[in-house]
Every structure is written in structure tokens, then in C-alpha cells.
>>> print(open('structure_10.cif').read())   # mmCIF, C-alpha atoms
data_protein
loop_
_atom_site.label_atom_id
_atom_site.label_comp_id
_atom_site.auth_asym_id
_atom_site.auth_seq_id
_atom_site.Cartn_x
_atom_site.Cartn_y
_atom_site.Cartn_z
CA MET A 4 -6.95 12.92 45.39
CA ARG A 5 -6.85 15.76 42.87
CA TRP A 6 -8.04 14.75 39.42
CA THR A 7 -5.79 15.91 36.59
CA VAL A 8 -7.43 17.56 33.59
CA LEU A 9 -5.31 16.53 30.59
CA ASP A 10 -7.46 18.23 27.96
CA GLU A 11 -10.76 20.03 27.48
CA GLN A 12 -12.60 20.16 24.15
CA PRO A 13 -15.73 22.12 23.22
CA LEU A 14 -18.88 20.05 22.60
CA TYR A 15 -21.42 22.88 22.38
CA GLN A 16 -21.35 26.62 22.98
CA ASP A 17 -23.70 29.64 22.90
CA GLU A 18 -23.89 32.96 24.75
CA TRP A 19 -25.43 31.33 27.88
CA LEU A 20 -23.39 28.21 28.36
CA LYS A 21 -20.48 26.10 27.19
CA ILE A 22 -20.47 22.33 27.24
CA ARG A 23 -16.95 20.90 27.29
CA LEU A 24 -15.55 17.38 27.28
CA ALA A 25 -12.72 17.03 29.79
CA ASP A 26 -10.16 14.23 29.55
CA VAL A 27 -9.50 13.53 33.24
CA GLU A 28 -6.96 11.29 34.99
CA LEU A 29 -7.92 9.94 38.43
CA PRO A 30 -5.33 9.37 41.21
CA ASP A 31 -5.26 5.61 40.44
CA GLY A 32 -4.45 6.28 36.78
CA THR A 33 -7.98 5.74 35.43
CA ARG A 34 -8.82 7.98 32.46
CA LEU A 35 -12.30 9.46 32.30
CA ALA A 36 -14.22 11.49 29.69
CA HIS A 37 -16.19 13.96 31.83
CA ARG A 38 -18.83 16.49 30.72
CA VAL A 39 -18.36 20.00 32.07
CA ILE A 40 -20.94 22.82 31.90
CA ARG A 41 -19.44 26.32 32.05
CA THR A 42 -21.90 29.15 32.74
CA PRO A 43 -21.61 32.75 34.06
CA PRO A 44 -22.00 33.41 37.82
CA SER A 45 -25.26 34.54 39.46
CA ALA A 46 -25.89 36.88 42.38
CA ALA A 47 -28.68 36.67 44.96
CA ALA A 48 -29.90 38.82 47.86
CA ALA A 49 -31.27 37.60 51.20
CA LEU A 50 -32.99 40.72 52.59
CA THR A 51 -34.36 40.80 56.12
CA ASN A 52 -36.28 43.38 58.14
CA ASP A 53 -36.15 44.20 61.87
CA ARG A 54 -39.13 41.94 62.57
CA GLY A 55 -37.23 38.78 61.57
CA ARG A 56 -38.81 38.51 58.13
CA VAL A 57 -37.14 37.84 54.78
CA LEU A 58 -38.18 39.14 51.34
CA LEU A 59 -39.25 36.23 49.11
CA LEU A 60 -40.84 35.69 45.71
CA TRP A 61 -43.46 33.01 45.14
CA ARG A 62 -42.71 31.77 41.64
CA HIS A 63 -43.08 28.98 39.15
CA ARG A 64 -40.00 27.56 37.38
CA PHE A 65 -40.86 26.17 33.98
CA ILE A 66 -37.69 24.06 33.78
CA THR A 67 -38.52 22.03 36.90
CA ASP A 68 -42.30 22.69 36.64
CA ALA A 69 -42.32 23.57 40.35
CA TRP A 70 -43.71 26.42 42.49
CA GLY A 71 -41.71 27.69 45.45
CA TRP A 72 -40.44 30.58 47.57
CA GLU A 73 -37.14 32.06 46.35
CA ILE A 74 -34.80 34.92 47.14
CA PRO A 75 -34.17 37.29 44.20
CA CYS A 76 -31.34 35.94 42.02
CA GLY A 77 -30.02 36.54 38.52
CA LYS A 78 -27.00 36.48 36.24
CA VAL A 79 -24.10 38.85 36.87
CA GLU A 80 -23.74 40.93 33.68
CA PRO A 81 -20.30 41.05 31.99
CA GLY A 82 -18.14 43.59 33.84
CA GLU A 83 -20.69 43.94 36.65
CA ASP A 84 -19.75 43.55 40.32
CA ALA A 85 -21.56 40.58 41.94
CA MET A 86 -22.80 42.68 44.88
CA ALA A 87 -24.19 45.34 42.51
CA ALA A 88 -25.89 42.58 40.50
CA ALA A 89 -27.56 41.23 43.65
CA ALA A 90 -28.89 44.71 44.53
CA ARG A 91 -30.10 45.28 40.94
CA GLU A 92 -31.86 41.92 40.70
CA ALA A 93 -33.50 42.42 44.11
CA GLU A 94 -34.93 45.81 43.14
CA GLU A 95 -36.05 44.66 39.66
CA GLU A 96 -37.77 41.55 40.97
CA THR A 97 -39.29 42.88 44.23
CA GLY A 98 -39.66 46.67 43.98
CA TRP A 99 -37.66 47.01 47.22
CA ARG A 100 -34.30 48.83 47.22
CA PRO A 101 -31.61 47.15 49.35
CA GLY A 102 -29.34 49.11 51.67
CA PRO A 103 -25.66 48.13 52.03
CA LEU A 104 -25.10 44.43 51.39
CA ARG A 105 -22.50 42.05 52.85
CA PRO A 106 -21.23 38.77 51.36
CA LEU A 107 -23.09 35.87 53.03
CA VAL A 108 -21.94 32.73 51.21
CA SER A 109 -20.77 31.64 47.74
CA ILE A 110 -22.31 28.40 46.54
CA HIS A 111 -21.39 25.82 43.89
CA PRO A 112 -24.90 24.48 43.30
CA ASP A 113 -24.07 21.50 41.06
CA ASN A 114 -20.28 21.05 41.19
CA GLY A 115 -20.30 17.49 39.86
CA ILE A 116 -21.29 18.72 36.40
CA SER A 117 -21.20 22.55 36.31
CA ASP A 118 -18.96 25.46 37.36
CA SER A 119 -22.07 27.55 38.15
CA THR A 120 -21.43 29.85 41.14
CA HIS A 121 -24.11 31.71 43.12
CA HIS A 122 -22.84 34.62 45.21
CA VAL A 123 -25.33 35.39 47.98
CA PHE A 124 -25.41 38.74 49.79
CA ALA A 125 -27.35 39.73 52.91
CA GLY A 126 -28.76 43.06 54.05
CA SER A 127 -31.93 45.00 54.64
CA CYS A 128 -34.05 47.37 52.54
CA VAL A 129 -34.07 51.16 52.60
CA ALA A 130 -37.23 51.82 50.61
CA HIS A 131 -40.11 50.39 48.66
CA VAL A 132 -39.55 52.10 45.32
CA GLY A 133 -42.80 51.08 43.71
CA PRO A 134 -43.96 48.42 41.31
CA ARG A 135 -41.23 45.98 40.40
CA ALA A 136 -39.68 46.46 36.98
CA ASP A 137 -39.74 42.74 36.24
CA PRO A 138 -43.11 41.34 37.37
CA SER A 139 -42.76 38.28 35.11
CA GLU A 140 -40.46 36.66 37.67
CA SER A 141 -43.07 35.93 40.33
CA ASP A 142 -46.73 35.79 41.28
CA ARG A 143 -46.20 37.75 44.46
CA VAL A 144 -43.56 39.20 46.78
CA GLU A 145 -43.89 38.81 50.55
CA TRP A 146 -42.04 39.30 53.83
CA ILE A 147 -41.96 35.79 55.33
CA PRO A 148 -40.87 34.98 58.93
CA LEU A 149 -37.38 33.48 58.88
CA ALA A 150 -38.29 31.31 61.88
CA GLY A 151 -40.98 29.63 59.77
CA VAL A 152 -38.53 28.55 57.04
CA PRO A 153 -37.90 24.98 58.32
CA ALA A 154 -41.67 24.36 58.33
CA LEU A 155 -41.98 25.69 54.76
CA ILE A 156 -39.17 23.34 53.69
CA GLY A 157 -40.98 20.44 55.38
CA ARG A 158 -44.07 21.26 53.29
CA GLY A 159 -41.98 21.26 50.05
CA GLN A 160 -42.49 25.01 49.49
CA ILE A 161 -38.77 25.85 49.13
CA ARG A 162 -36.90 23.74 46.56
CA CYS A 163 -34.43 26.27 45.11
CA GLY A 164 -31.01 25.22 46.43
CA THR A 165 -29.56 28.70 46.80
CA THR A 166 -32.64 29.95 48.66
CA LEU A 167 -32.47 26.94 51.01
CA THR A 168 -28.82 27.57 51.85
CA ALA A 169 -29.20 31.35 52.26
CA LEU A 170 -32.23 31.20 54.56
CA LEU A 171 -30.95 28.29 56.68
CA TYR A 172 -27.52 29.91 57.05
CA LEU A 173 -29.10 33.22 58.13
CA LEU A 174 -31.20 31.26 60.62
CA ALA A 175 -28.17 29.35 61.97
CA THR A 176 -26.00 32.45 62.38
CA ARG A 177 -28.87 34.42 63.99
CA ALA A 178 -29.53 31.60 66.41
CA ALA A 179 -25.81 31.57 67.29
CA GLY A 180 -25.89 35.34 67.83
CA GLU A 181 -28.87 35.03 70.17
CA ARG A 182 -27.18 32.45 72.42
CA MET B 6 -47.10 34.19 36.32
CA ARG B 7 -46.60 30.77 34.77
CA TRP B 8 -44.41 30.83 31.67
CA THR B 9 -45.79 28.86 28.74
CA VAL B 10 -43.41 26.53 26.90
CA LEU B 11 -44.54 26.60 23.27
CA ASP B 12 -41.81 24.35 21.93
CA GLU B 13 -38.58 22.62 22.95
CA GLN B 14 -35.87 21.65 20.47
CA PRO B 15 -32.68 19.64 21.03
CA LEU B 16 -29.40 21.59 20.80
CA TYR B 17 -27.02 18.93 22.08
CA GLN B 18 -27.41 15.49 23.65
CA ASP B 19 -25.25 12.69 25.08
CA GLU B 20 -25.76 10.01 27.73
CA TRP B 21 -25.10 12.50 30.60
CA LEU B 22 -27.09 15.54 29.61
CA LYS B 23 -29.45 17.10 27.12
CA ILE B 24 -29.32 20.75 26.13
CA ARG B 25 -32.65 22.00 24.79
CA LEU B 26 -33.83 25.31 23.39
CA ALA B 27 -37.25 26.23 24.79
CA ASP B 28 -39.54 28.74 23.06
CA VAL B 29 -41.20 30.40 26.07
CA GLU B 30 -44.05 32.92 26.35
CA LEU B 31 -44.05 35.20 29.40
CA PRO B 32 -47.29 36.38 31.04
CA ASP B 33 -47.01 39.78 29.29
CA GLY B 34 -46.76 38.09 25.88
CA THR B 35 -42.97 38.41 25.53
CA ARG B 36 -41.40 35.49 23.64
CA LEU B 37 -38.08 34.19 24.88
CA ALA B 38 -35.56 31.60 23.60
CA HIS B 39 -34.39 29.90 26.80
CA ARG B 40 -31.66 27.26 27.25
CA VAL B 41 -32.62 24.24 29.32
CA ILE B 42 -30.23 21.59 30.66
CA ARG B 43 -31.86 18.21 31.34
CA THR B 44 -29.80 15.79 33.44
CA PRO B 45 -30.62 12.67 35.56
CA PRO B 46 -31.36 13.07 39.30
CA SER B 47 -28.77 12.58 42.05
CA ALA B 48 -29.09 11.15 45.56
CA ALA B 49 -27.15 12.17 48.67
CA ALA B 50 -26.90 10.94 52.27
CA ALA B 51 -26.51 13.07 55.41
CA LEU B 52 -25.41 10.53 58.03
CA THR B 53 -25.11 11.47 61.69
CA ASN B 54 -23.98 9.60 64.80
CA ASP B 55 -25.21 9.84 68.40
CA ARG B 56 -22.47 12.32 69.31
CA GLY B 57 -23.87 15.01 66.97
CA ARG B 58 -21.33 14.39 64.19
CA VAL B 59 -21.95 14.07 60.46
CA LEU B 60 -20.02 11.92 57.96
CA LEU B 61 -18.22 14.15 55.42
CA LEU B 62 -15.70 13.81 52.60
CA TRP B 63 -12.91 16.32 52.10
CA ARG B 64 -12.57 16.52 48.33
CA HIS B 65 -11.38 18.54 45.39
CA ARG B 66 -13.77 19.31 42.51
CA PHE B 67 -11.90 19.74 39.25
CA ILE B 68 -14.79 21.60 37.57
CA THR B 69 -14.81 24.43 40.14
CA ASP B 70 -11.15 23.89 41.15
CA ALA B 71 -12.22 24.05 44.81
CA TRP B 72 -11.63 21.96 47.96
CA GLY B 73 -14.45 21.46 50.43
CA TRP B 74 -16.41 19.19 52.80
CA GLU B 75 -19.26 17.32 51.14
CA ILE B 76 -21.85 14.69 51.96
CA PRO B 77 -21.71 11.58 49.73
CA CYS B 78 -23.72 12.16 46.55
CA GLY B 79 -24.02 10.59 43.12
CA LYS B 80 -26.25 9.88 40.14
CA VAL B 81 -29.29 7.67 40.53
CA GLU B 82 -28.81 4.77 38.08
CA PRO B 83 -31.60 4.07 35.56
CA GLY B 84 -34.32 2.06 37.33
CA GLU B 85 -32.70 2.58 40.73
CA ASP B 86 -34.65 3.93 43.72
CA ALA B 87 -33.26 7.28 44.93
CA MET B 88 -32.98 6.13 48.56
CA ALA B 89 -31.10 2.98 47.50
CA ALA B 90 -28.79 5.16 45.40
CA ALA B 91 -28.04 7.39 48.40
CA ALA B 92 -27.16 4.33 50.53
CA ARG B 93 -25.01 2.84 47.75
CA GLU B 94 -23.10 6.08 47.12
CA ALA B 95 -22.54 6.60 50.86
CA GLU B 96 -21.04 3.13 51.31
CA GLU B 97 -18.90 3.31 48.13
CA GLU B 98 -17.50 6.74 48.98
CA THR B 99 -17.05 6.41 52.77
CA GLY B 100 -16.79 2.70 53.67
CA TRP B 101 -19.65 3.20 56.17
CA ARG B 102 -22.94 1.32 55.71
CA PRO B 103 -26.05 3.41 56.42
CA GLY B 104 -28.98 2.08 58.44
CA PRO B 105 -32.56 2.95 57.43
CA LEU B 106 -32.75 6.32 55.66
CA ARG B 107 -35.54 8.90 55.60
CA PRO B 108 -36.20 11.59 52.96
CA LEU B 109 -34.80 14.90 54.26
CA VAL B 110 -35.25 17.39 51.38
CA SER B 111 -35.31 17.44 47.57
CA ILE B 112 -33.36 20.29 46.03
CA HIS B 113 -33.37 22.00 42.64
CA PRO B 114 -29.78 23.27 42.72
CA ASP B 115 -29.82 25.49 39.62
CA ASN B 116 -33.46 25.80 38.53
CA GLY B 117 -32.92 28.87 36.34
CA ILE B 118 -31.02 26.77 33.79
CA SER B 119 -31.24 23.06 34.71
CA ASP B 120 -33.82 20.47 35.84
CA SER B 121 -31.16 18.81 38.02
CA THR B 122 -32.70 17.40 41.22
CA HIS B 123 -30.79 16.24 44.31
CA HIS B 124 -32.73 13.97 46.66
CA VAL B 125 -31.17 14.09 50.13
CA PHE B 126 -31.76 11.37 52.73
CA ALA B 127 -30.84 11.34 56.42
CA GLY B 128 -29.97 8.52 58.78
CA SER B 129 -27.18 6.94 60.78
CA CYS B 130 -24.66 4.16 60.12
CA VAL B 131 -24.81 0.54 61.21
CA ALA B 132 -21.24 -0.52 60.47
CA HIS B 133 -17.86 0.44 59.10
CA VAL B 134 -17.52 -2.14 56.34
CA GLY B 135 -13.90 -1.52 55.53
CA PRO B 136 -11.97 0.45 52.95
CA ARG B 137 -14.22 2.45 50.67
CA ALA B 138 -14.73 0.97 47.20
CA ASP B 139 -14.30 4.35 45.54
CA PRO B 140 -11.35 6.16 47.17
CA SER B 141 -10.91 8.45 44.14
CA GLU B 142 -13.79 10.63 45.38
CA SER B 143 -12.02 12.18 48.36
CA ASP B 144 -8.79 12.70 50.28
CA ARG B 145 -10.30 11.69 53.58
CA VAL B 146 -13.57 10.83 55.33
CA GLU B 147 -14.31 12.26 58.78
CA TRP B 148 -17.04 12.61 61.39
CA ILE B 149 -17.41 16.38 61.80
CA PRO B 150 -19.46 18.09 64.58
CA LEU B 151 -22.73 19.38 63.11
CA ALA B 152 -22.63 22.33 65.52
CA GLY B 153 -19.38 23.48 63.90
CA VAL B 154 -20.89 23.68 60.40
CA PRO B 155 -21.71 27.43 60.42
CA ALA B 156 -18.08 28.18 61.35
CA LEU B 157 -16.80 25.93 58.52
CA ILE B 158 -19.08 27.79 56.08
CA GLY B 159 -17.72 31.11 57.35
CA ARG B 160 -14.21 29.87 56.56
CA GLY B 161 -15.25 28.90 53.00
CA GLN B 162 -14.76 25.17 53.65
CA ILE B 163 -18.25 24.13 52.47
CA ARG B 164 -19.22 25.37 49.00
CA CYS B 165 -21.28 22.44 47.64
CA GLY B 166 -24.88 23.68 47.59
CA THR B 167 -26.53 20.37 48.44
CA THR B 168 -24.17 19.80 51.38
CA LEU B 169 -24.88 23.32 52.67
CA THR B 170 -28.64 22.80 52.55
CA ALA B 171 -28.55 19.30 54.07
CA LEU B 172 -26.30 20.20 57.02
CA LEU B 173 -28.02 23.51 57.81
CA TYR B 174 -31.48 21.92 57.60
CA LEU B 175 -30.42 19.10 59.96
CA LEU B 176 -29.04 21.75 62.31
CA ALA B 177 -32.25 23.83 62.17
CA THR B 178 -34.58 20.88 62.74
CA ARG B 179 -32.38 19.53 65.58
CA ALA B 180 -32.33 22.93 67.25
CA ALA B 181 -36.15 23.05 66.97
CA GLY B 182 -36.40 19.56 68.49
CA GLU B 183 -34.22 20.62 71.43
CA ARG B 184 -36.41 23.60 72.29
#
>>> encode(input="structure_10.cif", output="C-alpha cells")
Amino acid sequence: MRWTVLDEQPLYQDEWLKIRLADVELPDGTRLAHRVIRTPPSAAAALTNDRGRVLLLWRHRFITDAWGWEIPCGKVEPGEDAMAAAAREAEEETGWRPGPLRPLVSIHPDNGISDSTHHVFAGSCVAHVGPRADPSESDRVEWIPLAGVPALIGRGQIRCGTTLTALLYLLATRAAGER
Amino acid sequence: MRWTVLDEQPLYQDEWLKIRLADVELPDGTRLAHRVIRTPPSAAAALTNDRGRVLLLWRHRFITDAWGWEIPCGKVEPGEDAMAAAAREAEEETGWRPGPLRPLVSIHPDNGISDSTHHVFAGSCVAHVGPRADPSESDRVEWIPLAGVPALIGRGQIRCGTTLTALLYLLATRAAGER
């Protein structure tokens, strides 16, 4: 079922993204011109405390014109380790410093069109280091009960795909651990 | 905290996507040139049976060069209702005809760069209508136990963001219903 990429040509390119046109052959011989977005990976941090709460930002996204709860997330800088990027973004955006992180899940958010990859790490915080360096990312930062996440989703208050996966996966693996 | 979009200019456009350059003002007055990808919405179907199994495709994605389990998903055609698109894609890709669907969750998979929206619907199937019309989408189609999803994620066998969210949300809301 693997599709064969016969050729890939640039359509548009800048420092943030590359749009390519792939010449693809399907298993039945059909040839297809397929758009491909290539963009650098991102890293995110799902940080919990010992009272079952997770550190979230309430923010507006101008691209989708939507408000919602999100975990801290940002681009991995060139040469930067993804786990270090997750810790850096978390501290910049929340003012909380994470302790040791562990890989939770790596997500392809939109794999039909883009090679975007979001590496999500989990852990807890060691300190509140003061006002966040990057307050433009959110209206407020709060510790929200993980158990209340499905209800927040039902009310349309979490729309960010990577946040949805991270919180629901934490919830599923915690529930399994409690059984 | 809302960012103000002062202007948006086209950088690249074809029938599948539009790349725009937004001139954005942050709350502290900073001006930012921000790339925006605009692309049509997609619809997906999470279909379960009465034995706690979910209908999944095992497929390769050439863009990410990764194999994984996915729910059926595809573009909503111009003028098409998202729920109808989810039912159509499910039948084309699996050979199973869904019964009545209900909205499960709408996801912004990559809202830092793209306005892509994935509308996910849930339901069950009424019939196996024969060989799938679009076999190029996957190697095989299987009914997989929903309870085994966290273990599959742990083994890296589910990477598609929308599939992760849909399956984990079904699992969380089922678990809540069983309590």
C-alpha cells in the first residue's frame, strides 16, 4: 500500500515552511500531484502536580480565531534537543520550571498534508520562578484538574489537537495505573 | 491577550492550500510577520461495535514516512456537510457503512501555523457493503479493541493526531459512563 514518491519539487519556501509538489504513484499505478508542507518540529510539555492537576494556558489563536486551554508548546530551535525545547517553552510561557521530563507521545498532527511533528513530554514542576518571560502567549495560566478534561472538551474549551492527545493520554495511563 | 491581525497578504495559493503572510500586533505592541496556512476542513469517523472495538486502517503516510493505525478521514468537499463527508470517507476507505453519526469533537491539529480543522464523528456500522472503493488508502482494515489503544500508543503504532484524540476521548467518556 506504500505510495512511491517519484519526484518532489519546491513550490514555495521561507524560513518557517516549505511547500513542495510531490509526484506520487499509488499501488494501482495512479499518478498523483500531491502538496506537501514541510515545517520544523515542535515540543510541548504536559506538567502535572501531586493533586492531579495539569498546567494549562488559556489563550486565543488568531489563525483559527478560537479561545482554548493548551499545554505549553513551541518550535524546537535548530540544534536544540526536543526535551530541552519543551522545558524552555514551558518556563517561558508559564513561569513554572519543569523538573525532569519523560517522552510521552510524538504526534503527526496533520499527516495528510504536512510533516509537522509535535514531541510531547510529561513531568512535574520544581519551582515557580516568577513572571513568565513570554506573557503574550496567554491570558492566564492555571492548574486545572485532569479529571475534568473530558467535560472541558465537551464544552468546546480544548480544541488544540496536541493538548487533547496529551491530556487524554495522561488520563488513560493514570486510570490504567490506578486499576 | 488577543493578537490583532492588521493585514494578510497572499504568499502562495493553489486549489489545496493558501499560504498567507499576516501582519500581527501583539498585546505589548510588538509587530510580527506570521505565516498562516489556510486549508479546507476534514471529516473523520470513529466507528465502534458492541464488543468495544473500533474500525481502524493500518496505513503508510508518505509525507511523514510512518506506518500507523488511523480512523478514516478525508477532506470535506465544497458544499458537502461534514457529517456526510465523514460517512462517505468511512465507507470508501473501509467498505463498512456507518449508521447515524454524532459529533464527537472538532480539532485544530496545528493551530500555531494552520487553520486546518478536523471534525470527528462517532457511531457504529450498519453493514459491510463489500470491498472498499478506495483500497489505496490502507494495507488492511481491522476492528481493534478500544481498551488496547493506550498500549498501541506506547508502542508507537498510533501517531496520527486526530486518531489519537478521537480514540482516547471515546475511551475517557466510556470509562466515565461505566462508573
>>> resolve_selection(input="structure_10.cif", expression="the PyMOL selection byres ((chain B) within 8 of (chain A))", output="number ranges by chain")
B: 6-10, 17, 21, 31-33, 40-41, 64-69, 110-120, 141-144, 155, 158-159, 161, 164-167, 169-170, 173-174, 176-178
>>> atom_distance(input="structure_10.cif", atom1="atom CA of Leu11 of chain B", atom2="atom CA of Glu96 of chain A")
24.1 Å
>>> atom_distance(input="structure_10.cif", atom1="atom CA of Ala125 of chain A", atom2="atom CA of Ala48 of chain A")
5.7 Å
>>> calpha_fit_and_write(input="structure_10.cif", fixed="chain A", moving="chain B", output="short mmCIF file (atom, residue, chain, number, x, y, z; two decimals) with C-alpha atoms, keeping the file's coordinate frame")
data_model
loop_
_atom_site.label_atom_id
_atom_site.label_comp_id
_atom_site.auth_asym_id
_atom_site.auth_seq_id
_atom_site.Cartn_x
_atom_site.Cartn_y
_atom_site.Cartn_z
CA MET B 6 -6.95 12.93 45.39
CA ARG B 7 -6.84 15.78 42.89
CA TRP B 8 -8.04 14.78 39.43
CA THR B 9 -5.79 15.93 36.60
CA VAL B 10 -7.44 17.57 33.59
CA LEU B 11 -5.32 16.56 30.60
CA ASP B 12 -7.45 18.24 27.97
CA GLU B 13 -10.76 20.05 27.50
CA GLN B 14 -12.60 20.19 24.18
CA PRO B 15 -15.73 22.15 23.22
CA LEU B 16 -18.88 20.08 22.60
CA TYR B 17 -21.42 22.88 22.36
CA GLN B 18 -21.36 26.64 22.97
CA ASP B 19 -23.72 29.63 22.90
CA GLU B 20 -23.89 32.95 24.74
CA TRP B 21 -25.45 31.31 27.87
CA LEU B 22 -23.39 28.20 28.36
CA LYS B 23 -20.47 26.12 27.18
CA ILE B 24 -20.46 22.34 27.24
CA ARG B 25 -16.94 20.91 27.31
CA LEU B 26 -15.55 17.39 27.27
CA ALA B 27 -12.72 17.03 29.79
CA ASP B 28 -10.13 14.24 29.55
CA VAL B 29 -9.48 13.53 33.24
CA GLU B 30 -6.94 11.31 35.01
CA LEU B 31 -7.91 9.95 38.43
CA PRO B 32 -5.33 9.39 41.20
CA ASP B 33 -5.23 5.64 40.44
CA GLY B 34 -4.42 6.32 36.77
CA THR B 35 -7.96 5.76 35.45
CA ARG B 36 -8.80 7.99 32.46
CA LEU B 37 -12.28 9.44 32.29
CA ALA B 38 -14.21 11.47 29.68
CA HIS B 39 -16.18 13.93 31.81
CA ARG B 40 -18.82 16.48 30.72
CA VAL B 41 -18.37 19.99 32.07
CA ILE B 42 -20.93 22.80 31.89
CA ARG B 43 -19.43 26.31 32.06
CA THR B 44 -21.91 29.12 32.73
CA PRO B 45 -21.61 32.73 34.06
CA PRO B 46 -21.99 33.40 37.81
CA SER B 47 -25.24 34.52 39.45
CA ALA B 48 -25.89 36.86 42.38
CA ALA B 49 -28.69 36.65 44.95
CA ALA B 50 -29.91 38.81 47.85
CA ALA B 51 -31.28 37.60 51.20
CA LEU B 52 -32.98 40.71 52.59
CA THR B 53 -34.36 40.80 56.12
CA ASN B 54 -36.27 43.40 58.14
CA ASP B 55 -36.14 44.20 61.86
CA ARG B 56 -39.12 41.96 62.58
CA GLY B 57 -37.22 38.79 61.57
CA ARG B 58 -38.82 38.52 58.12
CA VAL B 59 -37.14 37.83 54.79
CA LEU B 60 -38.18 39.14 51.35
CA LEU B 61 -39.26 36.23 49.11
CA LEU B 62 -40.84 35.68 45.70
CA TRP B 63 -43.47 33.02 45.13
CA ARG B 64 -42.72 31.78 41.62
CA HIS B 65 -43.09 28.99 39.13
CA ARG B 66 -40.00 27.56 37.39
CA PHE B 67 -40.87 26.18 33.98
CA ILE B 68 -37.70 24.05 33.78
CA THR B 69 -38.54 22.03 36.91
CA ASP B 70 -42.31 22.68 36.64
CA ALA B 71 -42.34 23.57 40.35
CA TRP B 72 -43.73 26.41 42.50
CA GLY B 73 -41.73 27.68 45.44
CA TRP B 74 -40.44 30.59 47.56
CA GLU B 75 -37.16 32.05 46.35
CA ILE B 76 -34.81 34.91 47.13
CA PRO B 77 -34.17 37.29 44.19
CA CYS B 78 -31.36 35.94 42.01
CA GLY B 79 -30.02 36.53 38.52
CA LYS B 80 -26.99 36.49 36.24
CA VAL B 81 -24.11 38.84 36.87
CA GLU B 82 -23.74 40.94 33.69
CA PRO B 83 -20.32 41.04 31.99
CA GLY B 84 -18.14 43.56 33.85
CA GLU B 85 -20.69 43.93 36.64
CA ASP B 86 -19.75 43.53 40.32
CA ALA B 87 -21.56 40.58 41.94
CA MET B 88 -22.83 42.67 44.88
CA ALA B 89 -24.19 45.33 42.51
CA ALA B 90 -25.89 42.56 40.51
CA ALA B 91 -27.56 41.21 43.65
CA ALA B 92 -28.89 44.70 44.52
CA ARG B 93 -30.08 45.28 40.94
CA GLU B 94 -31.86 41.92 40.70
CA ALA B 95 -33.50 42.41 44.11
CA GLU B 96 -34.92 45.81 43.14
CA GLU B 97 -36.06 44.68 39.65
CA GLU B 98 -37.78 41.56 40.97
CA THR B 99 -39.29 42.89 44.23
CA GLY B 100 -39.65 46.69 43.96
CA TRP B 101 -37.66 47.01 47.22
CA ARG B 102 -34.30 48.83 47.23
CA PRO B 103 -31.61 47.14 49.35
CA GLY B 104 -29.34 49.09 51.69
CA PRO B 105 -25.66 48.13 52.03
CA LEU B 106 -25.10 44.41 51.38
CA ARG B 107 -22.52 42.03 52.84
CA PRO B 108 -21.24 38.75 51.34
CA LEU B 109 -23.09 35.87 53.03
CA VAL B 110 -21.93 32.71 51.20
CA SER B 111 -20.78 31.62 47.73
CA ILE B 112 -22.32 28.38 46.54
CA HIS B 113 -21.40 25.81 43.90
CA PRO B 114 -24.91 24.47 43.28
CA ASP B 115 -24.07 21.49 41.06
CA ASN B 116 -20.29 21.04 41.19
CA GLY B 117 -20.30 17.47 39.86
CA ILE B 118 -21.29 18.71 36.40
CA SER B 119 -21.20 22.54 36.29
CA ASP B 120 -18.95 25.44 37.37
CA SER B 121 -22.05 27.53 38.15
CA THR B 122 -21.44 29.82 41.14
CA HIS B 123 -24.11 31.70 43.11
CA HIS B 124 -22.84 34.60 45.21
CA VAL B 125 -25.34 35.37 47.97
CA PHE B 126 -25.41 38.72 49.79
CA ALA B 127 -27.36 39.72 52.90
CA GLY B 128 -28.75 43.04 54.04
CA SER B 129 -31.94 44.99 54.64
CA CYS B 130 -34.04 47.38 52.55
CA VAL B 131 -34.06 51.16 52.61
CA ALA B 132 -37.22 51.83 50.61
CA HIS B 133 -40.10 50.39 48.64
CA VAL B 134 -39.52 52.11 45.30
CA GLY B 135 -42.78 51.14 43.68
CA PRO B 136 -43.96 48.46 41.30
CA ARG B 137 -41.23 46.01 40.40
CA ALA B 138 -39.68 46.51 36.96
CA ASP B 139 -39.75 42.79 36.24
CA PRO B 140 -43.12 41.37 37.38
CA SER B 141 -42.76 38.32 35.09
CA GLU B 142 -40.45 36.69 37.66
CA SER B 143 -43.07 35.94 40.31
CA ASP B 144 -46.74 35.83 41.28
CA ARG B 145 -46.20 37.76 44.47
CA VAL B 146 -43.54 39.20 46.78
CA GLU B 147 -43.89 38.80 50.55
CA TRP B 148 -42.04 39.29 53.83
CA ILE B 149 -41.96 35.79 55.34
CA PRO B 150 -40.88 34.99 58.95
CA LEU B 151 -37.38 33.49 58.90
CA ALA B 152 -38.29 31.31 61.89
CA GLY B 153 -40.98 29.63 59.78
CA VAL B 154 -38.53 28.54 57.05
CA PRO B 155 -37.91 24.97 58.33
CA ALA B 156 -41.68 24.36 58.35
CA LEU B 157 -41.99 25.69 54.76
CA ILE B 158 -39.19 23.33 53.69
CA GLY B 159 -40.99 20.43 55.37
CA ARG B 160 -44.07 21.27 53.30
CA GLY B 161 -42.01 21.27 50.06
CA GLN B 162 -42.51 25.01 49.50
CA ILE B 163 -38.79 25.83 49.14
CA ARG B 164 -36.91 23.73 46.57
CA CYS B 165 -34.43 26.26 45.12
CA GLY B 166 -31.02 25.20 46.45
CA THR B 167 -29.55 28.68 46.80
CA THR B 168 -32.63 29.94 48.66
CA LEU B 169 -32.47 26.94 51.01
CA THR B 170 -28.82 27.56 51.85
CA ALA B 171 -29.20 31.33 52.26
CA LEU B 172 -32.24 31.18 54.56
CA LEU B 173 -30.96 28.29 56.69
CA TYR B 174 -27.52 29.90 57.06
CA LEU B 175 -29.10 33.21 58.15
CA LEU B 176 -31.21 31.25 60.63
CA ALA B 177 -28.18 29.34 62.00
CA THR B 178 -26.00 32.43 62.39
CA ARG B 179 -28.86 34.41 63.99
CA ALA B 180 -29.53 31.60 66.44
CA ALA B 181 -25.80 31.57 67.31
CA GLY B 182 -25.86 35.35 67.83
CA GLU B 183 -28.84 35.04 70.19
CA ARG B 184 -27.11 32.50 72.42
#
>>> atom_distance(input="structure_10.cif", atom1="atom CA of Trp74 of chain B", atom2="atom CA of Gln162 of chain B")
6.3 Å
>>> resolve_selection(input="structure_10.cif", expression="the PyMOL selection byres ((chain A and resi 98) around 10)", output="list in words")
Glu92, Ala93, Glu94, Glu95, Glu96, Thr97, Trp99, Arg100, Pro101, Ala130, His131, Val132, Gly133, Pro134, Arg135, Ala136, Asp137, Pro138 and Val144 of chain A
>>> residues_around(input="structure_10.cif", residues="Leu50 of chain A", least_positions_apart="4", cutoff="6 Å", atoms="all atoms listed in the file", output="list in words")
Val57, Leu58, Ala125, Gly126 and Ser127 of chain A
>>> closest_residue(input="structure_10.cif", among="B:Leu151, B:Ala48, B:Arg179, B:Pro15", to="Arg93 of chain B", atoms="all atoms listed in the file")
B:Ala48
>>> axis_aligned_box(input="structure_10.cif", around="segment 161-178 of chain A", padding_each_side="3 Å", output="AutoDock Vina command-line options")
--center_x -32.4 --center_y 29.1 --center_z 55.8 --size_x 18.8 --size_y 16.7 --size_z 27.3
>>> residues_around(input="structure_10.cif", residues="Glu83 of chain A", least_positions_apart="4", cutoff="12 Å", atoms="only C-alpha atoms", output="list in words")
Pro43, Pro44, Ser45, Ala46, Lys78, Val79, Ala87, Ala88, Ala89, Ala90 and Arg91 of chain A
